Structure formats: structure tokens, C-alpha cells
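The next block holds one structure in the form of C-alpha cells; read it before the comments.
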Amino acid sequence: MSRSVTSLGDGSPTARLLWRSSWRHALQHRWQSWLSLLGVMLGVMMVVAVDLANSSARRAFELSVATLSGNLTHQIVAIDGGTVDDALFARLRKELGLRRSAPYVSGEVLVRGRRFTLLGIDALSEATLERRRPGFSVVPRELTALGLQALTQPRGVLMQGETAAAMGLEPDSILELRSDGGEVEVVVAAVLDGDDSRALENLIVTDIALAQEVLGRRGLDSIDLRLTADEVARVEAWLPEGVALIEAGGDDAVLEQLSRSFQINLRAMSLLALLVAALLIYNTASLSVLERRPTLGVLRALGVGRASLLRLVLGESAILGAGASVLGVVAGLFLGQVLVRFVTRTVDDLYFTLTVTSFLPDYSVLLEGFALGTGLTIAAAVLPALQAASSPPITLQRVVPQEQRWQRRSRHLALAGLILLAVGYVLLLPERGSLVVGFVALNCLIFGFCLLIPWLLGVLLSAMLALSLRVLPQTLRLSLRNLQNSIGRTGLAVAALTVAVSVTVGVGVMIGSFRHTIEVWLEQTLGGEVQLTRIDEGTGIPPELERAVLELPELQNVQRQYLQELRTEFGTVRAYAHDGAVEDRLYMKEASTQSLHAFAAGEVLLLAEPFAWQHELEPGDELHYFTRAGEKSLPVGGIYFDYTTGPGSIELPLARFQEIWPEQGPRQLSFTLAPATDRAAILTTLRLLVEDHPGTYGVVSNAEIERVTLAIFDRTFAITDVLRLLAILVAFVGVLSALTAMQLQRMREYALLRASGMTVKEIARMILTQTAAMGLAAGLLALPLGLMMAEVLIDVINRRSFGWSMQHLVPGGVLLQAVILALVAALLAGIHPILRIRRVSPALALREE
Amino acid sequence: MSGSEQEAFVRVSGLHHVYTQGEQRQLVLRDINFTLRRGETVALLGRSGCGKTTLLNLISGIERVQQGEIEVAGQKLTKLDEEQRTHFRRKHIGFIYQFFNLVPSLTAAENIALILELNGMPLQRAVEEAQRMLQDIGLGSKCAHFPAQLSGGEQQRVAILRALAHAPALVLADEPTGNLDAHSGQEMLGVLKERLRAQGSTTLLVTHSLAVARSADRILTLDEGGIHEQVGDFAW
């Protein structure tokens, strides 16, 4: 075999001249080539950016958890969710001699408006615990030394060197820490420079006593332990009442699961964009093969084998895919840094206060993005490559049958589409199931619908033609008929635009429904108009403050809310109780009148929907929980809607709550306002009033809570807006490419029409009619697909991710926006061919063909 | 049967071919028997749609033989699968078309070099060889021109060189002058005859032109599915 010929292993050589011919074809159609490249690049960019942002947020999450808790095995915590007595730690060391133990206190503080996690440690105990935390280069010796240094300096704290420098702080600088406990001045005793200093960027370390003072906390959050199996048994036997030994990291896993669900949703959106890009590649490769059909026929007649042509088309796609993927990966790296801010902010808002917010990219994502982009581009070109390989030699080619074959194929595709839709539907039938199966089902539905589109487009065009029988002039009817005859070429471009626009419908309807549900829920659950809440971890609002507040004549209809953390068989939950009728404060999902009576009588408890969903609890089931008086249980009486995040909530009958925590006052008082009350003035009065009482309080109007909640909601979904815009951009690029290719193929026909006396204006109108018809069809078809997508996102994906059920709201604006979007994208795509036909003389166009 | 059995280079015997479209069957070739001797040029005449192109497709292995036998240079085409027929065509057959069918994204020289490269010649040498051939027929200045930049006559001369570049044993020409004016047609025939004589290739030339047919060694006519040797004047 000669050096210039590449062996294919089947005896068929692919001559270098064939590659050269392909390259020149791509250059001659550089408009299309660039658009294909851009389509794949944008798709890869989205996947890489979202993956990078997710992995970075996940690593920040893991690092944050690890920085705070280190390599523990167990923790001793208070059964009722409160604090552990300081004296218990001393007893543990003395009575059991467990040296690998340390007390633990942490909480959030504000320093010059920036949030930090304040970590209180006992440096000497940390030395014997040998806790390994990321970021400390020499552990525990350095930490101990630094801890001692902090200890020896009154009110001393440790900070990361870079953070301190960024804030203009150096050893001996005075800092003001704000927290629930009030404002406390501390001194920077030393700065920490760890191996992985990013782990420490939002962390302030201090002595445990100072941490307790700053955070206004009595007792310890936990006693952290590293235990052997024998020691576990000894500790369990020794533990006094009111505390429990738990495995470390259990609650973190729940949080991680929740934030991961959010990230899965984002990943699904980015993959949809790549699916759109793959459809476009398929379309572009098909058009390219169709255009080159005569040339491929000549090559077949000259003796070029089928395998050579197959490899040629696949090779072209591989080169395009690899090039576009490299560009996409680079662009994704930049976009990822922007998106990570959205993701960490959401994780921070909803799930966990991250001590780490820097960009921590997982570089394997880049490789994955490259492989996915290239692989998908090659996969999308398989069918066109097979088409190329089956090109008959030139002498056997006929002009007409190709489109006839496409029309026949559109029926077969429609049948396959119906089967996929059925598979998707069946996969969604079980009420419960994995998130992955949910996404597989969603993809079956989307892909199934895509396959239906060429056939549906044919039906739509027939209907348009029938309706416009006497209305449209002959030239415009001709352009619609042309479109109908080229379903093979246009069907997939319309499918790509349909999918992209349907993403805007699906996500738009889902977000609209979610927002509406949150609004209804807030309205239902926020009692009154003004709230007074104790926000530190005290024993609630003191009776004297309550009395003073109730004396204010502007405040009426007081409602009290009680809150404590409670350990249950499923981990720690937030246990609420309210005075008055529970149905006035909770938005009930599932509860009979009988069970509400039972609740009022203290015989049942109510569960928040996500908690019930996660642990598969239903009315009638029993929930076990732990109190200082031992293990108790109550039957589940009903389920209420809840859209808060975190470990889960339950509602206890007030009598039961007060049995467990008899000294606990209400955490929150809410009131309605007397007529003609100045809301701002009463809020100021309340704020002044609470200053005279111990504890930290929040005084807000419900309108403010609603505003802040919805602001957080909108921030959470801001990233989806970015992704939606990018998905549309990918689709627009594809439609532009497909329409341009289709119109350029028609140049000869247009030239002929111009030669026959048609003006450029009339031809432009024909082109715009075609593109508008395609845009309108895509816009209309996107509506059912988008609504179906919203249905799955609301009832399956979000339910399986978060356990939330939502009300369905279809905002008319989203639907109208989708149709207009598709129409505008398609009309814009008609501009290039119009400009082109203006420049081409009829004679030249005819000669070129 | 025509021609001498001993010198037969192409042997077609008992060939039938039917086109089926839906439920309609159309018999295009019926019991075709003839031979071509090595090195001779035979013209094939016939009305439009009588099956001339189908016969060329069958002899070149582009279409599969349904019934009968075709033997080229001792190789029975019915024994070869599609891939083998493709390789056989690449090596032993040159095809000239009425509409030139040059690859639009390759230059004149590259179009010729392509068949040489497909047959194993290194690319550089193949292009140099193609340039030399173009110079020989006075198209040296057009080596780097793309087909769209050439006149019809020039394109057909490039197509002839591409068909003959690898010295095929059999050349099939399907109305090679059909798309050219009288002058360009004569010029093209001159080039073709000269090259064929030099290479000693066997040629089957499908044409409507009596003048072209008369330049051949023998004339066959295809009519109503059957083939006949033309010895007298033409009926049409």
C-alpha cells in the first residue's frame, strides 16, 4: 500500500484527495461550517460550564464540611436539638479517658458585611483528637501552637492570611464580629497559611469560650470524637440522659443530597442544549451529504468503496466535533467561573453556609466535555454517513425519489417517535422512582416528539395550504409547497428549533408554577402582617417581652409559633408548633377533618411534604422521636406543603411540644395591624422595644419576608435564564444554518424565477414566507412539547429531587413569547439568503449549477 | 453472437434485466449476447430509453446482474460482491459521461490524480502525472482550475484523461459528445482516439451520433431489449 493512501482495514483506501475535496467543500460552504462549529461549541460550552460550576460547588461544599468537622467518626449531641453541657466534655475525658475528643462550637458571623464561619476550638483537645482538617499544613501541632497563641492573647482569633490581607488586616488588628449574640470586638492573633488555603478563606478560628460569647451560646454544639468500635459501646453505655451518640456526617449527607438534586436539574438543562446541538449536527451533516450526492455518486462510479465514504463523512464530523469541542471547553472554562457564583449562591441561600466560595474546577470535566462533544457529533453523523455510503453511483441517481423516500421515512420516524413517547410515558407511570429514570423518560418524550416533527410539519403545511387556497398569491403558495416537498431537509431544522423553544416553555412554565405556588404558600403560612422572631438560640421570646408587645394597641390577633430541633428516627428535624387552628397556619396537602381534630387533641403529628416524601411516610404511619424523657412516637395525621430546604420539618400539637420543652417560649409572634396603623412606625416601635430585652430579635413585615423569599427564588433560577438563552442561541445557529443551506440549494430555482421576470423583492417574500412558516410551525409545536416537559419537570423531576409538589400555572406570556421567539429566529435566518440572491445574477447562478 | 470467440475480452451472454417500480415490471434488456475483442472500439446505438446506459452499468459492475453472465478480462462479474465489483471498476474500467461529472471541489489536475491515487500511486506523483497529461493535450495552463472555471469542451477533455489515466483495459463512454458542440465534439473524439490507440484499451461507446458511431470498428444496435450487429444503413 502506498504512503499516500490511508488503509481502512477493509481494503478500501481513503485517498488524501478525498479529504482535500471535503475540506474545500467545507471552505466553499464556510457559512454553514462556521455555524455547525458554533452550534457544537455552544453546546459543549454549556455542559462544561455547568459541570464545572457544579463540581466546583460540590467540592466547596465537601471542603466546607470537612473544614468544620474534619475526620470524625462520632459526635455527642443533645437529643432535643439544643446544646450539650460544657461539663459533659470534662466528665467524658475524666471518666472514660477518651483523649481523642474535642468540644465543638460554630456559627455564622458578619465582619464588615462579609459572612464568615466562626469555629470555636479547644486547642489542647484538638491536639489529642488529631482531627485532620483541609487547609492546616501541620496538624495538629501547628494548629495547637496557633491555638495557644490565640489563647494567650485575650480575645484573639485566627484568620487565613490571604483573607486577612484582602481585608487590610494584620496581626493585632481589631475586628468587630456581628452575630446573633450581638457585636463583639476581637483581635487578629495570627494568620493561618495552609496547604490548601482556600479551605480557610471564610473561616475565623478562636477559642471555644470566645466563640460561645460571640455567638451568644451556652454549651457546646457537639463533642466530636474519633472512636474505635469498642469505644463506641463504652460511650453508649456511659451516656447520660438528654444526649445521644451519632455517627458524624449524617445530616451533611441529607444536605448534600438536596444540593446535588439542584445540580442534577442544571445538568439536565445543559444536556438538553447539547441534544439540540446534536440534532443540528445531524441536520447539517445530512444536508451536506444531500448536497454532495452527485459528487459521491461520481466517486462511487470511479471505484471508491462504501467504507471510504462512511469514514470520510464520519471523519469530517470528528474533525468538526473535536475542533468545536476544544473551543467549547475553553469557553466553558470561562462561563463556568460565572455560573459557579450562581450555584454557590444558591447552595448558600438554600442549603448550607459555604466557608469556601472560590472556583475549584475539576479538570476531568474538561476531558469529559471534549469527549461528549466529539462523541455526540460523530454519533449524530452516523446516519448521514450511512446515507453517504449508500449513495448510488452517478449513473443510477434520480432526482425525485430522494424526497419521496424522505416522505416515506417521515412516516417511519413518526412511528418510532410514537413508540418512544409510549416508552417515556410508561417509565413515568410509577409514582416513585429514581431521578435518573425520570430524566431518561423525559429524554424519551423529547426525542420521541422530535421524530414526530417531520410528519407533523407535513400535516401542518397541508393544513396551511388548504386554508390559504384562495387567500395567498400563487408565489407564496409555491414557497409553501416547496417547503412541503423538502420536509426531509427542513423537518429536522424545525425539530431543533422546536426543542430549543420548548425548553423555554417547559422551564418557563415550571418556574412560573413554582413561583405561583410559593406565593400561595407564603400567603397561607405567613400569619398576620408583622412578625417578631427570636433569632438567636435562646429559650424563645421571654414572657415579659411578650406582655410588653401585647400591650401595644396597634397589634391584634397574636399567633405564636414554637420551634426546636428534634431528633427522630430519620435524623434531626425542625419541630414546629402553633397556637390556634393549624389549618390557618399550614397549607395542608393531605389531611381529613377527622385527622385535624385528632391533631387538635394532641393525638397525631403532621409532616412536611419533602420529609414525608423522602422517608416514604404516609398518614397512619408512626414517627419515632427522642426526648429527654426517652423515645416517643406519634401517628402521622396529615401532610402539609413546605418549600423550605434543609433537614425537614414536622408540626407537633402544641401540648406535645410543651411536654418536650416545657420552658421553651414562642420563637415567633405574628400580628395583624389595627386599622390605620403606620406599618413602618410600628416596626420601629417594636425594634426599640426588643432592645431592652436579652436575646437577638428580628422584626419584619410579612410583605418584606415575601419580597426576600421571592428574591432568593429568583436568584436561584437566574442560572436557568442564562442556560435558556444559550439553548436558544444554539437552536438559532442551527436554524440559521439549516435554512441558509436549504435556500442556497434553491439558488438555481430562484435564478430561474428571476430570469423568468420575478423581482428580488418577490423572491425575498417567498423566502420569508418559507422561513416564517417554519418558525411558526416550530413555535406551535414547541407548545405541546414544552407543556409536556413542564409537566414532567413539575410532577416527576422536582418531586423526585426535592419532594415538592406544585400547582400548575401556564402563563400565557410564556407561550406567546415562545411562538414569537421561534418566528423571529426563523425570519432572521432568511436574511442571509435574501442578501445572497440580491448579489447573484440569474445567468451566473444558472451557469454555476 | 459477434466477434471472434478466441479474442473475446468482454463476453455478455443471456443477459436479462428488469426494472421494478411498485407492481410494475419493465423488461429493459432481453437475452443480450455479444462479445468485444481486446483493443477494439465498438459503438452502441439505440433509441432513448432502450437500455444502453443500463447495459453500461451492468458491464461496469455498477448494477448487479439479475440473469445471464458478464465476463470482463476473464473475470465473471456475477461471482463478485459489491465491494469486489467496486475495486474491479476502480482498477480495470474507465467511465466517460455525457455531463462530465468532475468532482467540483478538486482542480482539473486533482480530478485526474484522484483515480491514480485510488489505485495506489503516491499523491505527489499522481498530481505530477496528471499535470503532464493535461500539458500533452494543451490544457497545461488549466491544471489548477476548478471544473466550474473550465468550458464544457475542456471539462470533457479532463474527464477523458481521468477515465484513461490509470490505463484501464475497458473504457465505457456514455454519449461523450452529447453535451458538446460539433467542433468541441470532434476535438474530444480526436483526443479519445489518440489515447485509446496508445493504450490499446477496449471501448464501448454509446452514442446518438452517426458520425461518432462510424468512427468505431463495429456498430451494435440495441432495440426492443435485444442487440444486433449493424452491417447496413441505419433505420433511424
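Labels used: A, B, ... for chains in the order of the C-alpha cells, numbers from 1 for residues in each chain, and numbers from 1 for ligands as shown.
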Give me, as a PyMOL selection string, the residues of segment 78-236 of chain B that a backbone DSSP run labels strand (DSSP E). chain B and resi 93-96+170-174+202-206+218-223+226-229
Near segment 776-778 of chain A, within 6 Å and counting only C-alpha atoms, which residues show up once chain neighbours fewer than 5 positions away are dropped, as a PyMOL selection string? chain A and resi 494+498+823
Would you list which chain B residues are within 8 Å of chain A using only C-alpha atoms, as a PyMOL selection string? chain B and resi 53+57+62+83+86-91+94-95+101-106+110+114-115+117-118+120-123+148
Give me the residues within 8 Å of Leu170 of chain B as a PyMOL selection string, counting only C-alpha atoms and dropping any in the same chain fewer than 3 places off. chain B and resi 92-94+201-204
Please, could you write that set of residues out with C-alpha atoms as a PDB file, in the first residue's frame?
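Final output, part-v9.pdb:
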```pdb
ATOM      1  CA  HIS B  92      -9.940  -2.005 -14.859  1.00  0.00           C
ATOM      2  CA  ILE B  93     -12.645   0.352 -16.071  1.00  0.00           C
ATOM      3  CA  GLY B  94     -12.696   3.959 -17.203  1.00  0.00           C
ATOM      4  CA  SER B 201      -7.990  -0.228 -24.393  1.00  0.00           C
ATOM      5  CA  THR B 202     -11.210  -1.897 -25.448  1.00  0.00           C
ATOM      6  CA  THR B 203     -14.011   0.672 -25.796  1.00  0.00           C
ATOM      7  CA  LEU B 204     -17.781   0.541 -25.799  1.00  0.00           C
TER       8      LEU B 204
END
```
Show me, as a ChimeraX atom specification, the residues that have an atom within 9 Å of Phe99 of chain B when counting only C-alpha atoms, minus same-chain residues fewer than 3 positions from it. /B:96,102,152,156,175-176,178-179
Pull the helix (DSSP H, G or I) assignments for segment 374-502 of chain A out of DSSP run on the backbone, and list those residues as a PyMOL selection string. chain A and resi 374-380+382-389+394-396+401-428+435-467+474-485+487-502
Would you pick out the contacts of segment 216-218 of chain A at 12 Å or less, using only C-alpha atoms, so that residues sharing its chain but fewer than 3 positions from it are not included, and give the list as a PyMOL selection string? chain A and resi 82-87+104-109+120+177-184+208-213+221-222+535-539+694-696
Pick out the residues sitting within 12 Å of Gly417 of chain A, and hand them over as a count of residues only; count only C-alpha atoms, and ignore anything fewer than 3 positions along from it in its own chain. 25
Identify which of the residues B:Arg197, B:Ser184, B:Ile112, B:Lys142 lies closest to Leu161 of chain B, counting only C-alpha atoms when measuring atom-to-atom distances. B:Ile112
Which residues are close to Gly373 of chain A, i.e. within 9 Å by only C-alpha atoms, leaving aside same-chain residues fewer than 2 positions away? Reply as number ranges by chain. A: 40-41, 43-44, 274, 278, 321-322, 324-326, 328, 368-371, 375-378
For the residues in that selection, give me N, CA, C and O atoms as a compact mmCIF listing (two decimals), in the first residue's frame.
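Writing the result to part_33.txt gives the following:
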```txt
# COMPACT_ATOMS: atom_id res chain seq x y z
N VAL A 40 -22.04 23.31 18.00
CA VAL A 40 -21.43 22.31 18.90
C VAL A 40 -20.66 23.01 20.00
O VAL A 40 -20.72 22.63 21.17
N MET A 41 -19.94 24.07 19.61
CA MET A 41 -19.14 24.78 20.61
C MET A 41 -20.02 25.29 21.75
O MET A 41 -19.70 25.11 22.93
N GLY A 43 -22.97 24.18 22.68
CA GLY A 43 -23.49 23.04 23.44
C GLY A 43 -22.46 22.54 24.44
O GLY A 43 -22.74 22.34 25.62
N VAL A 44 -21.21 22.33 23.95
CA VAL A 44 -20.14 21.83 24.82
C VAL A 44 -19.85 22.87 25.92
O VAL A 44 -19.66 22.52 27.08
N LEU A 274 -27.13 20.35 24.57
CA LEU A 274 -26.25 19.53 23.73
C LEU A 274 -27.08 18.65 22.79
O LEU A 274 -26.69 18.39 21.66
N ALA A 278 -26.78 18.37 18.90
CA ALA A 278 -26.63 17.10 18.17
C ALA A 278 -27.63 17.02 17.03
O ALA A 278 -27.31 16.57 15.92
N GLY A 321 -16.28 18.08 15.27
CA GLY A 321 -16.62 17.88 16.68
C GLY A 321 -15.46 18.18 17.60
O GLY A 321 -15.60 18.85 18.62
N ALA A 322 -14.27 17.68 17.20
CA ALA A 322 -13.10 17.87 18.06
C ALA A 322 -12.73 19.35 18.13
O ALA A 322 -12.48 19.89 19.21
N ALA A 324 -14.69 21.97 17.53
CA ALA A 324 -15.72 22.72 18.25
C ALA A 324 -15.66 22.42 19.75
O ALA A 324 -15.89 23.31 20.57
N SER A 325 -15.33 21.16 20.08
CA SER A 325 -15.29 20.79 21.49
C SER A 325 -14.14 21.48 22.22
O SER A 325 -14.29 21.90 23.36
N VAL A 326 -12.99 21.60 21.52
CA VAL A 326 -11.86 22.31 22.14
C VAL A 326 -12.27 23.75 22.45
O VAL A 326 -12.08 24.25 23.57
N GLY A 328 -15.30 24.85 22.74
CA GLY A 328 -16.38 24.81 23.74
C GLY A 328 -15.83 24.63 25.15
O GLY A 328 -16.31 25.24 26.10
N GLU A 368 -14.16 15.28 29.86
CA GLU A 368 -15.50 14.71 29.63
C GLU A 368 -16.26 15.54 28.60
O GLU A 368 -16.91 14.99 27.72
N GLY A 369 -16.18 16.88 28.73
CA GLY A 369 -16.87 17.78 27.80
C GLY A 369 -16.36 17.57 26.39
O GLY A 369 -17.13 17.50 25.44
N PHE A 370 -15.03 17.43 26.26
CA PHE A 370 -14.44 17.22 24.94
C PHE A 370 -14.93 15.90 24.35
O PHE A 370 -15.37 15.84 23.20
N ALA A 371 -14.90 14.84 25.18
CA ALA A 371 -15.32 13.51 24.70
C ALA A 371 -16.79 13.52 24.34
O ALA A 371 -17.20 12.96 23.30
N GLY A 375 -17.89 12.92 20.66
CA GLY A 375 -18.64 11.66 20.51
C GLY A 375 -20.03 11.89 19.97
O GLY A 375 -20.47 11.20 19.04
N LEU A 376 -20.69 12.91 20.51
CA LEU A 376 -22.06 13.18 20.09
C LEU A 376 -22.08 13.66 18.63
O LEU A 376 -22.99 13.32 17.87
N THR A 377 -21.08 14.45 18.25
CA THR A 377 -21.02 14.93 16.87
C THR A 377 -20.83 13.75 15.91
O THR A 377 -21.48 13.68 14.87
N ILE A 378 -19.96 12.83 16.31
CA ILE A 378 -19.74 11.66 15.45
C ILE A 378 -21.01 10.82 15.41
O ILE A 378 -21.47 10.39 14.33
```
Measure the distance from atom CA of Phe611 of chain A to atom CA of Gly580 of chain A in Å and round it to one decimal.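 These two atoms are separated by 23.7 Å.
Minimum atom-to-atom distance to Gly49 of chain B, evaluated using only C-alpha atoms, belongs to B:Leu222 out of B:Leu139, B:Leu222, B:Leu210, B:Ala198.
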